[in-house]
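S.K.: My structure file query.pdb, PDB, C-alpha atoms, pLDDT in the B column, is below:
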```pdb
ATOM      1  CA  MET A  43     -73.886  36.935-138.454  1.00 98.00           C
ATOM      2  CA  LEU A  44     -76.299  39.771-139.170  1.00 98.00           C
ATOM      3  CA  SER A  45     -75.088  43.289-138.343  1.00 98.00           C
ATOM      4  CA  VAL A  46     -77.868  45.852-137.905  1.00 98.00           C
ATOM      5  CA  VAL A  47     -76.546  49.395-138.179  1.00 98.00           C
ATOM      6  CA  VAL A  48     -78.725  52.068-136.557  1.00 98.00           C
ATOM      7  CA  PRO A  49     -77.720  55.710-137.092  1.00 97.00           C
ATOM      8  CA  SER A  50     -79.064  57.784-134.220  1.00 96.00           C
ATOM      9  CA  TYR A  51     -79.377  61.417-133.254  1.00 95.00           C
ATOM     10  CA  ASN A  52     -81.162  62.282-129.998  1.00 95.00           C
ATOM     11  CA  GLU A  53     -83.327  59.150-130.110  1.00 95.00           C
ATOM     12  CA  GLY A  54     -82.846  58.011-126.518  1.00 96.00           C
ATOM     13  CA  GLY A  55     -86.577  57.554-126.005  1.00 96.00           C
ATOM     14  CA  ASN A  56     -86.663  54.820-128.652  1.00 96.00           C
ATOM     15  CA  VAL A  57     -83.462  52.900-127.944  1.00 98.00           C
ATOM     16  CA  ARG A  58     -84.648  50.348-125.387  1.00 98.00           C
ATOM     17  CA  GLU A  59     -87.829  49.474-127.252  1.00 97.00           C
ATOM     18  CA  LEU A  60     -85.965  49.167-130.553  1.00 98.00           C
ATOM     19  CA  VAL A  61     -83.439  46.774-129.052  1.00 98.00           C
ATOM     20  CA  LYS A  62     -86.145  44.770-127.273  1.00 98.00           C
ATOM     21  CA  GLU A  63     -88.195  44.370-130.466  1.00 98.00           C
ATOM     22  CA  THR A  64     -85.124  43.556-132.556  1.00 98.00           C
ATOM     23  CA  ASP A  65     -84.001  40.904-130.093  1.00 98.00           C
ATOM     24  CA  ALA A  66     -87.445  39.298-130.214  1.00 97.00           C
ATOM     25  CA  ALA A  67     -87.611  39.462-134.012  1.00 97.00           C
ATOM     26  CA  LEU A  68     -84.178  37.865-134.466  1.00 97.00           C
ATOM     27  CA  LYS A  69     -84.581  35.056-131.958  1.00 95.00           C
ATOM     28  CA  GLY A  70     -82.340  32.179-133.033  1.00 95.00           C
ATOM     29  CA  ILE A  71     -80.314  34.393-135.394  1.00 97.00           C
ATOM     30  CA  ASP A  72     -76.758  35.471-134.591  1.00 98.00           C
ATOM     31  CA  TYR A  73     -76.869  39.268-134.666  1.00 98.00           C
ATOM     32  CA  GLU A  74     -75.356  42.505-133.422  1.00 98.00           C
ATOM     33  CA  ILE A  75     -76.809  46.017-133.273  1.00 98.00           C
ATOM     34  CA  ILE A  76     -74.403  48.873-133.897  1.00 98.00           C
ATOM     35  CA  PHE A  77     -75.628  52.325-132.940  1.00 98.00           C
ATOM     36  CA  VAL A  78     -73.607  55.003-134.726  1.00 98.00           C
ATOM     37  CA  ASP A  79     -74.608  57.968-132.656  1.00 97.00           C
ATOM     38  CA  ASP A  80     -74.165  61.700-133.207  1.00 96.00           C
ATOM     39  CA  SER A  81     -76.383  62.775-130.309  1.00 96.00           C
ATOM     40  CA  THR A  82     -76.056  65.892-128.217  1.00 94.00           C
ATOM     41  CA  ASP A  83     -78.242  64.563-125.384  1.00 96.00           C
ATOM     42  CA  ASP A  84     -78.100  61.497-123.122  1.00 96.00           C
ATOM     43  CA  THR A  85     -78.718  58.968-125.913  1.00 97.00           C
ATOM     44  CA  PRO A  86     -75.161  57.493-125.642  1.00 97.00           C
ATOM     45  CA  GLU A  87     -75.662  56.834-121.934  1.00 98.00           C
ATOM     46  CA  ILE A  88     -78.965  55.093-122.653  1.00 98.00           C
ATOM     47  CA  ILE A  89     -77.376  52.929-125.348  1.00 98.00           C
ATOM     48  CA  ASN A  90     -74.572  51.928-122.983  1.00 98.00           C
ATOM     49  CA  ALA A  91     -77.088  51.022-120.290  1.00 98.00           C
ATOM     50  CA  VAL A  92     -79.077  48.882-122.732  1.00 98.00           C
ATOM     51  CA  SER A  93     -75.896  47.159-123.912  1.00 98.00           C
ATOM     52  CA  GLU A  94     -75.380  45.796-120.399  1.00 97.00           C
ATOM     53  CA  GLU A  95     -78.646  43.912-120.756  1.00 97.00           C
ATOM     54  CA  TYR A  96     -78.178  43.008-124.429  1.00 98.00           C
ATOM     55  CA  PRO A  97     -74.514  42.083-125.101  1.00 94.00           C
ATOM     56  CA  GLY A  98     -75.020  42.244-128.872  1.00 97.00           C
ATOM     57  CA  VAL A  99     -75.475  46.021-128.704  1.00 98.00           C
ATOM     58  CA  ARG A 100     -72.495  48.246-129.511  1.00 98.00           C
ATOM     59  CA  LEU A 101     -72.093  52.018-129.491  1.00 98.00           C
ATOM     60  CA  ILE A 102     -69.953  54.166-131.771  1.00 98.00           C
ATOM     61  CA  HIS A 103     -70.330  57.770-130.674  1.00 96.00           C
ATOM     62  CA  ARG A 104     -69.064  60.419-133.084  1.00 95.00           C
ATOM     63  CA  GLU A 105     -68.123  63.794-131.653  1.00 89.00           C
ATOM     64  CA  ASN A 106     -67.198  65.811-134.718  1.00 83.00           C
ATOM     65  CA  GLU A 107     -69.138  64.121-137.521  1.00 83.00           C
ATOM     66  CA  LYS A 108     -72.762  64.365-138.540  1.00 84.00           C
ATOM     67  CA  GLY A 109     -74.973  62.776-141.165  1.00 88.00           C
ATOM     68  CA  LEU A 110     -76.957  59.585-141.511  1.00 91.00           C
ATOM     69  CA  ALA A 111     -75.248  58.263-144.625  1.00 92.00           C
ATOM     70  CA  THR A 112     -71.690  58.548-143.298  1.00 93.00           C
ATOM     71  CA  ALA A 113     -72.843  57.062-139.992  1.00 95.00           C
ATOM     72  CA  VAL A 114     -74.171  53.983-141.775  1.00 97.00           C
ATOM     73  CA  LEU A 115     -70.927  53.511-143.694  1.00 96.00           C
ATOM     74  CA  ARG A 116     -68.981  53.784-140.438  1.00 96.00           C
ATOM     75  CA  GLY A 117     -71.220  51.090-138.984  1.00 97.00           C
ATOM     76  CA  PHE A 118     -70.752  48.841-142.006  1.00 98.00           C
ATOM     77  CA  LYS A 119     -66.987  49.260-141.686  1.00 97.00           C
ATOM     78  CA  GLU A 120     -67.056  48.217-138.023  1.00 97.00           C
ATOM     79  CA  ALA A 121     -69.600  45.409-138.527  1.00 98.00           C
ATOM     80  CA  LYS A 122     -68.711  41.758-138.029  1.00 98.00           C
ATOM     81  CA  GLY A 123     -71.551  40.234-140.039  1.00 98.00           C
ATOM     82  CA  ALA A 124     -71.730  38.773-143.544  1.00 98.00           C
ATOM     83  CA  TYR A 125     -75.160  40.391-143.784  1.00 98.00           C
ATOM     84  CA  LEU A 126     -75.470  44.157-143.257  1.00 98.00           C
ATOM     85  CA  ALA A 127     -78.727  45.972-142.495  1.00 98.00           C
ATOM     86  CA  CYS A 128     -79.629  49.614-142.055  1.00 98.00           C
ATOM     87  CA  MET A 129     -82.601  50.626-139.921  1.00 97.00           C
ATOM     88  CA  ASP A 130     -83.752  53.961-138.498  1.00 95.00           C
ATOM     89  CA  ALA A 131     -83.700  54.536-134.741  1.00 95.00           C
ATOM     90  CA  ASP A 132     -87.200  55.986-134.505  1.00 93.00           C
ATOM     91  CA  LEU A 133     -89.143  52.662-134.697  1.00 94.00           C
ATOM     92  CA  GLN A 134     -90.902  53.708-137.884  1.00 93.00           C
ATOM     93  CA  HIS A 135     -89.091  50.773-139.474  1.00 95.00           C
ATOM     94  CA  PRO A 136     -90.644  47.823-137.568  1.00 95.00           C
ATOM     95  CA  PRO A 137     -87.821  45.570-136.303  1.00 97.00           C
ATOM     96  CA  ILE A 138     -89.811  42.429-137.181  1.00 97.00           C
ATOM     97  CA  THR A 139     -89.062  43.285-140.831  1.00 97.00           C
ATOM     98  CA  LEU A 140     -85.421  42.358-140.207  1.00 98.00           C
ATOM     99  CA  LYS A 141     -86.443  38.729-139.823  1.00 97.00           C
ATOM    100  CA  TYR A 142     -88.058  38.566-143.261  1.00 98.00           C
ATOM    101  CA  MET A 143     -85.139  40.415-144.834  1.00 98.00           C
ATOM    102  CA  TYR A 144     -82.711  37.949-143.289  1.00 98.00           C
ATOM    103  CA  TYR A 145     -84.539  34.963-144.740  1.00 98.00           C
ATOM    104  CA  ALA A 146     -84.706  36.633-148.154  1.00 98.00           C
ATOM    105  CA  LEU A 147     -80.907  36.707-148.125  1.00 98.00           C
ATOM    106  CA  GLU A 148     -80.798  33.152-146.804  1.00 98.00           C
ATOM    107  CA  GLU A 149     -82.835  32.149-149.864  1.00 97.00           C
ATOM    108  CA  GLY A 150     -80.225  33.692-152.153  1.00 98.00           C
ATOM    109  CA  ALA A 151     -80.994  37.397-152.499  1.00 98.00           C
ATOM    110  CA  ASP A 152     -78.060  39.791-152.559  1.00 98.00           C
ATOM    111  CA  VAL A 153     -80.209  42.746-151.483  1.00 98.00           C
ATOM    112  CA  CYS A 154     -83.566  42.986-149.727  1.00 98.00           C
ATOM    113  CA  VAL A 155     -85.575  46.213-149.783  1.00 98.00           C
ATOM    114  CA  PRO A 156     -88.882  46.410-147.895  1.00 97.00           C
ATOM    115  CA  SER A 157     -91.592  48.337-149.712  1.00 97.00           C
ATOM    116  CA  ARG A 158     -94.505  50.358-148.403  1.00 95.00           C
ATOM    117  CA  PHE A 159     -96.195  50.078-151.783  1.00 94.00           C
ATOM    118  CA  LEU A 160     -96.536  46.342-152.303  1.00 96.00           C
ATOM    119  CA  PRO A 161     -99.785  44.596-151.309  1.00 95.00           C
ATOM    120  CA  GLY A 162     -99.659  44.179-147.539  1.00 94.00           C
ATOM    121  CA  GLY A 163     -97.475  47.266-147.085  1.00 94.00           C
ATOM    122  CA  SER A 164     -98.434  50.753-145.937  1.00 91.00           C
ATOM    123  CA  ASP A 165     -97.015  54.253-145.560  1.00 85.00           C
ATOM    124  CA  GLY A 166     -99.598  55.077-142.900  1.00 77.00           C
ATOM    125  CA  GLY A 167     -96.944  56.250-140.438  1.00 66.00           C
ATOM    126  CA  LEU A 168     -96.395  59.416-142.486  1.00 70.00           C
ATOM    127  CA  ASN A 169     -98.460  62.579-142.312  1.00 77.00           C
ATOM    128  CA  SER A 170     -99.770  64.092-145.553  1.00 82.00           C
ATOM    129  CA  TYR A 171     -96.802  66.470-145.934  1.00 81.00           C
ATOM    130  CA  ARG A 172     -94.209  63.735-145.513  1.00 77.00           C
ATOM    131  CA  LYS A 173     -96.155  61.462-147.867  1.00 80.00           C
ATOM    132  CA  ALA A 174     -95.971  64.166-150.517  1.00 83.00           C
ATOM    133  CA  VAL A 175     -92.229  64.672-149.947  1.00 82.00           C
ATOM    134  CA  SER A 176     -91.613  60.912-150.024  1.00 83.00           C
ATOM    135  CA  TRP A 177     -93.634  60.439-153.211  1.00 84.00           C
ATOM    136  CA  THR A 178     -91.796  63.292-154.931  1.00 88.00           C
ATOM    137  CA  ALA A 179     -88.388  61.940-153.886  1.00 88.00           C
ATOM    138  CA  LYS A 180     -89.337  58.491-155.158  1.00 89.00           C
ATOM    139  CA  LYS A 181     -90.450  59.790-158.549  1.00 93.00           C
ATOM    140  CA  ILE A 182     -87.345  61.959-158.964  1.00 92.00           C
ATOM    141  CA  GLY A 183     -85.072  59.048-158.109  1.00 90.00           C
ATOM    142  CA  GLN A 184     -86.877  56.649-160.441  1.00 94.00           C
ATOM    143  CA  LYS A 185     -86.761  59.167-163.282  1.00 94.00           C
ATOM    144  CA  ILE A 186     -83.081  60.052-162.980  1.00 94.00           C
ATOM    145  CA  LEU A 187     -81.484  56.785-161.816  1.00 94.00           C
ATOM    146  CA  PRO A 188     -82.315  53.645-163.855  1.00 95.00           C
ATOM    147  CA  PRO A 189     -81.581  51.194-160.987  1.00 94.00           C
ATOM    148  CA  LEU A 190     -84.230  52.892-158.847  1.00 95.00           C
ATOM    149  CA  ALA A 191     -86.834  52.647-161.615  1.00 95.00           C
ATOM    150  CA  LYS A 192     -87.073  48.882-161.037  1.00 95.00           C
ATOM    151  CA  LEU A 193     -88.198  49.275-157.412  1.00 96.00           C
ATOM    152  CA  THR A 194     -91.545  50.243-155.925  1.00 96.00           C
ATOM    153  CA  ASP A 195     -89.988  51.944-152.870  1.00 95.00           C
ATOM    154  CA  PRO A 196     -86.384  52.996-153.553  1.00 93.00           C
ATOM    155  CA  THR A 197     -86.069  55.796-150.986  1.00 88.00           C
ATOM    156  CA  SER A 198     -87.258  54.409-147.641  1.00 83.00           C
ATOM    157  CA  GLY A 199     -83.802  53.706-146.186  1.00 87.00           C
ATOM    158  CA  LEU A 200     -84.572  50.268-144.721  1.00 96.00           C
ATOM    159  CA  PHE A 201     -82.510  47.569-146.430  1.00 98.00           C
ATOM    160  CA  MET A 202     -80.235  44.536-146.015  1.00 98.00           C
ATOM    161  CA  ILE A 203     -77.327  43.429-148.190  1.00 98.00           C
ATOM    162  CA  ARG A 204     -74.619  40.834-148.408  1.00 98.00           C
ATOM    163  CA  ARG A 205     -71.290  42.389-147.472  1.00 98.00           C
ATOM    164  CA  GLN A 206     -69.804  41.757-150.928  1.00 98.00           C
ATOM    165  CA  VAL A 207     -72.392  44.055-152.526  1.00 98.00           C
ATOM    166  CA  ILE A 208     -70.347  47.079-151.419  1.00 98.00           C
ATOM    167  CA  GLU A 209     -66.844  45.607-151.167  1.00 97.00           C
ATOM    168  CA  GLY A 210     -64.464  47.749-153.215  1.00 95.00           C
ATOM    169  CA  VAL A 211     -67.296  50.062-154.282  1.00 96.00           C
ATOM    170  CA  ASP A 212     -66.736  53.830-154.464  1.00 93.00           C
ATOM    171  CA  LEU A 213     -69.476  55.093-152.139  1.00 94.00           C
ATOM    172  CA  ARG A 214     -69.673  58.849-151.628  1.00 90.00           C
ATOM    173  CA  PRO A 215     -72.916  59.375-149.723  1.00 81.00           C
ATOM    174  CA  ILE A 216     -74.177  62.701-148.524  1.00 81.00           C
ATOM    175  CA  GLY A 217     -77.171  63.585-146.404  1.00 75.00           C
ATOM    176  CA  TRP A 218     -79.748  60.945-145.532  1.00 76.00           C
ATOM    177  CA  LYS A 219     -80.241  58.542-148.439  1.00 85.00           C
ATOM    178  CA  ILE A 220     -77.563  55.896-148.104  1.00 93.00           C
ATOM    179  CA  MET A 221     -79.740  53.222-149.724  1.00 95.00           C
ATOM    180  CA  ILE A 222     -79.876  54.876-153.136  1.00 94.00           C
ATOM    181  CA  GLU A 223     -76.072  55.110-153.086  1.00 94.00           C
ATOM    182  CA  VAL A 224     -75.833  51.364-152.444  1.00 97.00           C
ATOM    183  CA  LEU A 225     -78.471  50.516-155.064  1.00 96.00           C
ATOM    184  CA  ALA A 226     -76.860  52.731-157.703  1.00 96.00           C
ATOM    185  CA  MET A 227     -73.233  51.754-157.083  1.00 97.00           C
ATOM    186  CA  GLY A 228     -73.344  48.226-155.653  1.00 97.00           C
ATOM    187  CA  ASN A 229     -72.600  44.866-157.269  1.00 97.00           C
ATOM    188  CA  TYR A 230     -75.528  42.462-157.001  1.00 98.00           C
ATOM    189  CA  ASP A 231     -77.579  40.061-159.116  1.00 98.00           C
ATOM    190  CA  THR A 232     -80.823  39.566-157.214  1.00 98.00           C
ATOM    191  CA  LEU A 233     -82.896  42.048-155.240  1.00 98.00           C
ATOM    192  CA  VAL A 234     -85.966  40.983-153.281  1.00 98.00           C
ATOM    193  CA  GLU A 235     -88.727  43.414-152.346  1.00 98.00           C
ATOM    194  CA  ILE A 236     -91.012  42.535-149.453  1.00 98.00           C
ATOM    195  CA  PRO A 237     -94.029  44.474-148.136  1.00 97.00           C
ATOM    196  CA  TYR A 238     -93.834  46.299-144.808  1.00 95.00           C
ATOM    197  CA  ARG A 239     -95.929  48.760-142.865  1.00 93.00           C
ATOM    198  CA  PHE A 240     -94.228  52.031-142.009  1.00 90.00           C
ATOM    199  CA  SER A 241     -95.113  52.862-138.399  1.00 85.00           C
ATOM    200  CA  GLU A 242     -95.885  56.067-136.563  1.00 73.00           C
ATOM    201  CA  ARG A 243     -93.047  57.631-134.581  1.00 64.00           C
ATOM    202  CA  LYS A 244     -93.352  56.761-130.870  1.00 64.00           C
ATOM    203  CA  SER A 245     -90.865  59.229-129.398  1.00 62.00           C
ATOM    204  CA  GLY A 246     -88.708  62.166-130.479  1.00 56.00           C
ATOM    205  CA  GLU A 247     -89.016  64.370-133.542  1.00 58.00           C
ATOM    206  CA  SER A 248     -88.521  63.912-137.274  1.00 58.00           C
ATOM    207  CA  LYS A 249     -85.155  65.106-138.621  1.00 51.00           C
ATOM    208  CA  LEU A 250     -86.527  65.912-142.088  1.00 55.00           C
ATOM    209  CA  SER A 251     -85.444  69.389-143.181  1.00 58.00           C
ATOM    210  CA  LYS A 252     -85.061  71.577-146.256  1.00 64.00           C
ATOM    211  CA  ASP A 253     -81.314  70.905-146.174  1.00 74.00           C
ATOM    212  CA  ALA A 254     -81.958  67.142-146.311  1.00 77.00           C
ATOM    213  CA  THR A 255     -84.128  67.625-149.385  1.00 79.00           C
ATOM    214  CA  MET A 256     -81.451  69.645-151.181  1.00 86.00           C
ATOM    215  CA  GLU A 257     -78.795  67.071-150.278  1.00 88.00           C
ATOM    216  CA  TYR A 258     -80.981  64.343-151.792  1.00 88.00           C
ATOM    217  CA  LEU A 259     -81.340  66.244-155.061  1.00 89.00           C
ATOM    218  CA  LYS A 260     -77.583  66.806-155.188  1.00 91.00           C
ATOM    219  CA  GLN A 261     -76.921  63.137-154.483  1.00 92.00           C
ATOM    220  CA  VAL A 262     -79.256  61.911-157.230  1.00 92.00           C
ATOM    221  CA  LYS A 263     -77.710  64.319-159.738  1.00 92.00           C
ATOM    222  CA  GLU A 264     -74.177  63.147-158.944  1.00 93.00           C
ATOM    223  CA  LEU A 265     -75.141  59.463-158.994  1.00 94.00           C
ATOM    224  CA  ARG A 266     -76.592  59.893-162.472  1.00 94.00           C
ATOM    225  CA  LYS A 267     -73.046  60.510-163.707  1.00 95.00           C
ATOM    226  CA  ARG A 268     -71.395  57.520-162.060  1.00 94.00           C
ATOM    227  CA  TYR A 269     -73.943  54.790-161.268  1.00 95.00           C
ATOM    228  CA  ASN A 270     -73.060  51.175-162.038  1.00 95.00           C
ATOM    229  CA  LYS A 271     -74.289  50.861-165.627  1.00 95.00           C
ATOM    230  CA  THR A 272     -73.142  47.235-165.919  1.00 94.00           C
ATOM    231  CA  ASN A 273     -75.535  46.050-163.209  1.00 94.00           C
ATOM    232  CA  ARG A 274     -78.421  44.056-164.728  1.00 93.00           C
ATOM    233  CA  PHE A 275     -79.983  42.831-161.509  1.00 97.00           C
ATOM    234  CA  LYS A 276     -83.377  41.161-161.359  1.00 97.00           C
ATOM    235  CA  VAL A 277     -86.123  42.060-158.904  1.00 98.00           C
ATOM    236  CA  ILE A 278     -88.228  39.432-157.139  1.00 98.00           C
ATOM    237  CA  ARG A 279     -91.278  40.501-155.137  1.00 98.00           C
ATOM    238  CA  TRP A 280     -92.448  38.385-152.237  1.00 97.00           C
ATOM    239  CA  PRO A 281     -96.173  38.268-151.514  1.00 96.00           C
ATOM    240  CA  TYR A 282     -97.218  38.943-147.959  1.00 92.00           C
ATOM    241  CA  ALA A 283     -98.263  35.301-147.581  1.00 93.00           C
ATOM    242  CA  LYS A 284     -94.702  34.088-148.219  1.00 94.00           C
ATOM    243  CA  MET A 285     -93.334  36.353-145.508  1.00 91.00           C
ATOM    244  CA  LYS A 286     -95.815  35.004-142.979  1.00 88.00           C
ATOM    245  CA  LEU A 287     -94.461  31.490-143.510  1.00 91.00           C
ATOM    246  CA  TYR A 288     -91.364  32.594-141.609  1.00 92.00           C
ATOM    247  CA  ASP A 289     -93.430  33.475-138.564  1.00 88.00           C
ATOM    248  CA  ARG A 290     -93.466  29.743-137.804  1.00 77.00           C
ATOM    249  CA  ILE A 291     -89.690  29.726-137.364  1.00 74.00           C
TER
END
```
Can you present the structure in this file as structure tokens?

M.R.:
Amino acid sequence: MLSVVVPSYNEGGNVRELVKETDAALKGIDYEIIFVDDSTDDTPEIINAVSEEYPGVRLIHRENEKGLATAVLRGFKEAKGAYLACMDADLQHPPITLKYMYYALEEGADVCVPSRFLPGGSDGGLNSYRKAVSWTAKKIGQKILPPLAKLTDPTSGLFMIRRQVIEGVDLRPIGWKIMIEVLAMGNYDTLVEIPYRFSERKSGESKLSKDATMEYLKQVKELRKRYNKTNRFKVIRWPYAKMKLYDRI
């Protein structure tokens, strides 16, 4: 089974479309979608309504906790699948990408990370300010953390792993960037990068803030001290043409 964990905060306007597109993308694949929701609006009610139509949808609503990274870990803990994915709730991560990630793991990858910067990918869903912030975060991460230096897009937050990658691993995430915690601390041999096109937000507002930026810098600094230095994983990059072969399935 594939467990897709979606951290959400006041994203009710995107929930139904996200589930609809995910269901279509994963046709023929045993999956569940776990929303770990910290919302202060009617998003939980919308998720519950959608779950009546799509039985694979589950809601975990947190009353006294906040933060994307801890939400994802809660979802991973509650997940039933052997494969674990993290995807944003705002539809800027196209759900169809889950299909290609799934087949990368089926072919033997331990981790799959979609990249906006491989041929066939795009970061066109970001405005100029967010592109600058994203580029700066990427360069800082690659400079400070050796595992991130191997990747073309180590800070996007869209990824899929085998469950054993994080079993018994000391994860201490803060803020928004759960993926760099997994990449720095996890146990894995093969990572596949695939191209994807980052989409424009369809509903709601970006949660990017100055606090999130400072939390990222703190996280990278702390990971530098304790990252998994024994991990000698290899990176394989799929061309866009290989991904499209799976559209026939």

S.K.: From the set A:Leu265, A:Leu287, A:Val277, A:Met227, which residue has the shortest atom-to-atom contact distance to A:Glu209, counting all atoms listed in the file?

M.R.: A:Met227

S.K.: Where does the PyMOL selection byres ((chain A and resi 180-184) around 10) land in this file, that is, which residues does it pick, as a list in words?

M.R.: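 That expression, the PyMOL selection byres ((chain A and resi 180-184) around 10), corresponds here to Ala174, Val175, Ser176, Trp177, Thr178, Ala179, Lys185, Ile186, Leu187, Pro188, Pro189, Leu190, Ala191, Lys192, Leu193, Thr194, Asp195, Pro196, Thr197, Ser198, Ile222, Tyr258, Leu259, Gln261, Val262, Lys263, Leu265 and Arg266 of chain A.
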
S.K.: Mind checking which residues fall within 12 Å of A:Thr139, counting only C-alpha atoms, ignoring those fewer than 4 positions away in the same chain, and posting them as a PyMOL selection string?

M.R.: chain A and resi 46+63-64+66-68+127-129+133-135+143-146+154-158+163+200-202+235-241+282+285-286+288-289

S.K.: Can you work out the spacing between atom CA of A:Asp130 and atom CA of A:Glu95 in Å, to one decimal?

M.R.: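 Going from atom CA of A:Asp130 over to atom CA of A:Glu95, I get 21.0 Å.
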
S.K.: Select all residues near (-72.1, 46.8, -144.7) (cut-off 8 Å, inclusive, file coordinates), counting all atoms listed in the file, and output them as number ranges by chain.

M.R.: A: 45, 115, 117-119, 121, 125-127, 203-205, 208

S.K.: What does the file look like for those residues with C-alpha atoms, as a PDB file, in the coordinates of the input?

M.R.:
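Now in result09.pdb:
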```pdb
ATOM      1  CA  SER A  45     -75.088  43.289-138.343  1.00 98.00           C
ATOM      2  CA  LEU A 115     -70.927  53.511-143.694  1.00 96.00           C
ATOM      3  CA  GLY A 117     -71.220  51.090-138.984  1.00 97.00           C
ATOM      4  CA  PHE A 118     -70.752  48.841-142.006  1.00 98.00           C
ATOM      5  CA  LYS A 119     -66.987  49.260-141.686  1.00 97.00           C
ATOM      6  CA  ALA A 121     -69.600  45.409-138.527  1.00 98.00           C
ATOM      7  CA  TYR A 125     -75.160  40.391-143.784  1.00 98.00           C
ATOM      8  CA  LEU A 126     -75.470  44.157-143.257  1.00 98.00           C
ATOM      9  CA  ALA A 127     -78.727  45.972-142.495  1.00 98.00           C
ATOM     10  CA  ILE A 203     -77.327  43.429-148.190  1.00 98.00           C
ATOM     11  CA  ARG A 204     -74.619  40.834-148.408  1.00 98.00           C
ATOM     12  CA  ARG A 205     -71.290  42.389-147.472  1.00 98.00           C
ATOM     13  CA  ILE A 208     -70.347  47.079-151.419  1.00 98.00           C
TER      14      ILE A 208
END
```

S.K.: Which residue out of A:Arg58, A:Glu242, A:Glu223, A:Glu74 has the minimum interatomic distance to A:Asn90 when all atoms listed in the file are used?

M.R.: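 Nearest candidate to A:Asn90 out of A:Arg58, A:Glu242, A:Glu223, A:Glu74: A:Arg58.
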
S.K.: Which of these residues is nearest to A:Leu140, using all atoms listed in the file: A:Asp165, A:Glu87, A:Asp253, A:Asp65?

M.R.: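 Of the candidates, the smallest distance to A:Leu140 is held by A:Asp65.
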
S.K.: Expanded to explicit residues, what is the PyMOL selection byres ((chain A and resi 96-112) around 8) for this file, as an MDAnalysis selection string?

M.R.: chainID A and resid 49:50 61 73:81 86 89:90 92:95 113:117 215:220

S.K.: Based on the selection just made, write C-alpha atoms of those residues as a PDB file, in the coordinates of the input.

M.R.:
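Listed below is the output, out.pdb:
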```
ATOM      1  CA  PRO A  49     -77.720  55.710-137.092  1.00 97.00           C
ATOM      2  CA  SER A  50     -79.064  57.784-134.220  1.00 96.00           C
ATOM      3  CA  VAL A  61     -83.439  46.774-129.052  1.00 98.00           C
ATOM      4  CA  TYR A  73     -76.869  39.268-134.666  1.00 98.00           C
ATOM      5  CA  GLU A  74     -75.356  42.505-133.422  1.00 98.00           C
ATOM      6  CA  ILE A  75     -76.809  46.017-133.273  1.00 98.00           C
ATOM      7  CA  ILE A  76     -74.403  48.873-133.897  1.00 98.00           C
ATOM      8  CA  PHE A  77     -75.628  52.325-132.940  1.00 98.00           C
ATOM      9  CA  VAL A  78     -73.607  55.003-134.726  1.00 98.00           C
ATOM     10  CA  ASP A  79     -74.608  57.968-132.656  1.00 97.00           C
ATOM     11  CA  ASP A  80     -74.165  61.700-133.207  1.00 96.00           C
ATOM     12  CA  SER A  81     -76.383  62.775-130.309  1.00 96.00           C
ATOM     13  CA  PRO A  86     -75.161  57.493-125.642  1.00 97.00           C
ATOM     14  CA  ILE A  89     -77.376  52.929-125.348  1.00 98.00           C
ATOM     15  CA  ASN A  90     -74.572  51.928-122.983  1.00 98.00           C
ATOM     16  CA  VAL A  92     -79.077  48.882-122.732  1.00 98.00           C
ATOM     17  CA  SER A  93     -75.896  47.159-123.912  1.00 98.00           C
ATOM     18  CA  GLU A  94     -75.380  45.796-120.399  1.00 97.00           C
ATOM     19  CA  GLU A  95     -78.646  43.912-120.756  1.00 97.00           C
ATOM     20  CA  ALA A 113     -72.843  57.062-139.992  1.00 95.00           C
ATOM     21  CA  VAL A 114     -74.171  53.983-141.775  1.00 97.00           C
ATOM     22  CA  LEU A 115     -70.927  53.511-143.694  1.00 96.00           C
ATOM     23  CA  ARG A 116     -68.981  53.784-140.438  1.00 96.00           C
ATOM     24  CA  GLY A 117     -71.220  51.090-138.984  1.00 97.00           C
ATOM     25  CA  PRO A 215     -72.916  59.375-149.723  1.00 81.00           C
ATOM     26  CA  ILE A 216     -74.177  62.701-148.524  1.00 81.00           C
ATOM     27  CA  GLY A 217     -77.171  63.585-146.404  1.00 75.00           C
ATOM     28  CA  TRP A 218     -79.748  60.945-145.532  1.00 76.00           C
ATOM     29  CA  LYS A 219     -80.241  58.542-148.439  1.00 85.00           C
ATOM     30  CA  ILE A 220     -77.563  55.896-148.104  1.00 93.00           C
TER      31      ILE A 220
END
```

S.K.: Which distance in Å separates atom CA of A:Lys141 and atom CA of A:Leu44, to one decimal?

M.R.: 10.2 Å

S.K.: Please determine, counting all atoms listed in the file, which residue among A:Pro136, A:Tyr142, A:Ala226, A:Ala254 has the shortest atom-to-atom distance to A:Lys267.

M.R.: A:Ala226

S.K.: What is the distance between atom CA of A:Ala131 and atom CA of A:Ile88, in Å to one decimal?

M.R.: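 Atom CA of A:Ala131 sits 13.0 Å away from atom CA of A:Ile88.
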
S.K.: Looking at all atoms listed in the file, which of A:Leu225, A:Leu233, A:Phe275, A:Val47 is the one that sits closest to A:Glu120?

M.R.: A:Val47

S.K.: Using only C-alpha atoms, which residue out of A:Pro161, A:Gly166, A:Gly228, A:Pro137 lies closest to A:Gln206?

M.R.: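 Ranked by minimum distance to A:Gln206, first place goes to A:Gly228.
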
S.K.: Hey, what comes out of the PyMOL selection byres ((chain A and resi 273) around 8) on this file? Could you write it as a list in words?

M.R.: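 Here the PyMOL selection byres ((chain A and resi 273) around 8) matches Asn229, Tyr230, Asp231, Asn270, Lys271, Thr272, Arg274 and Phe275 of chain A.
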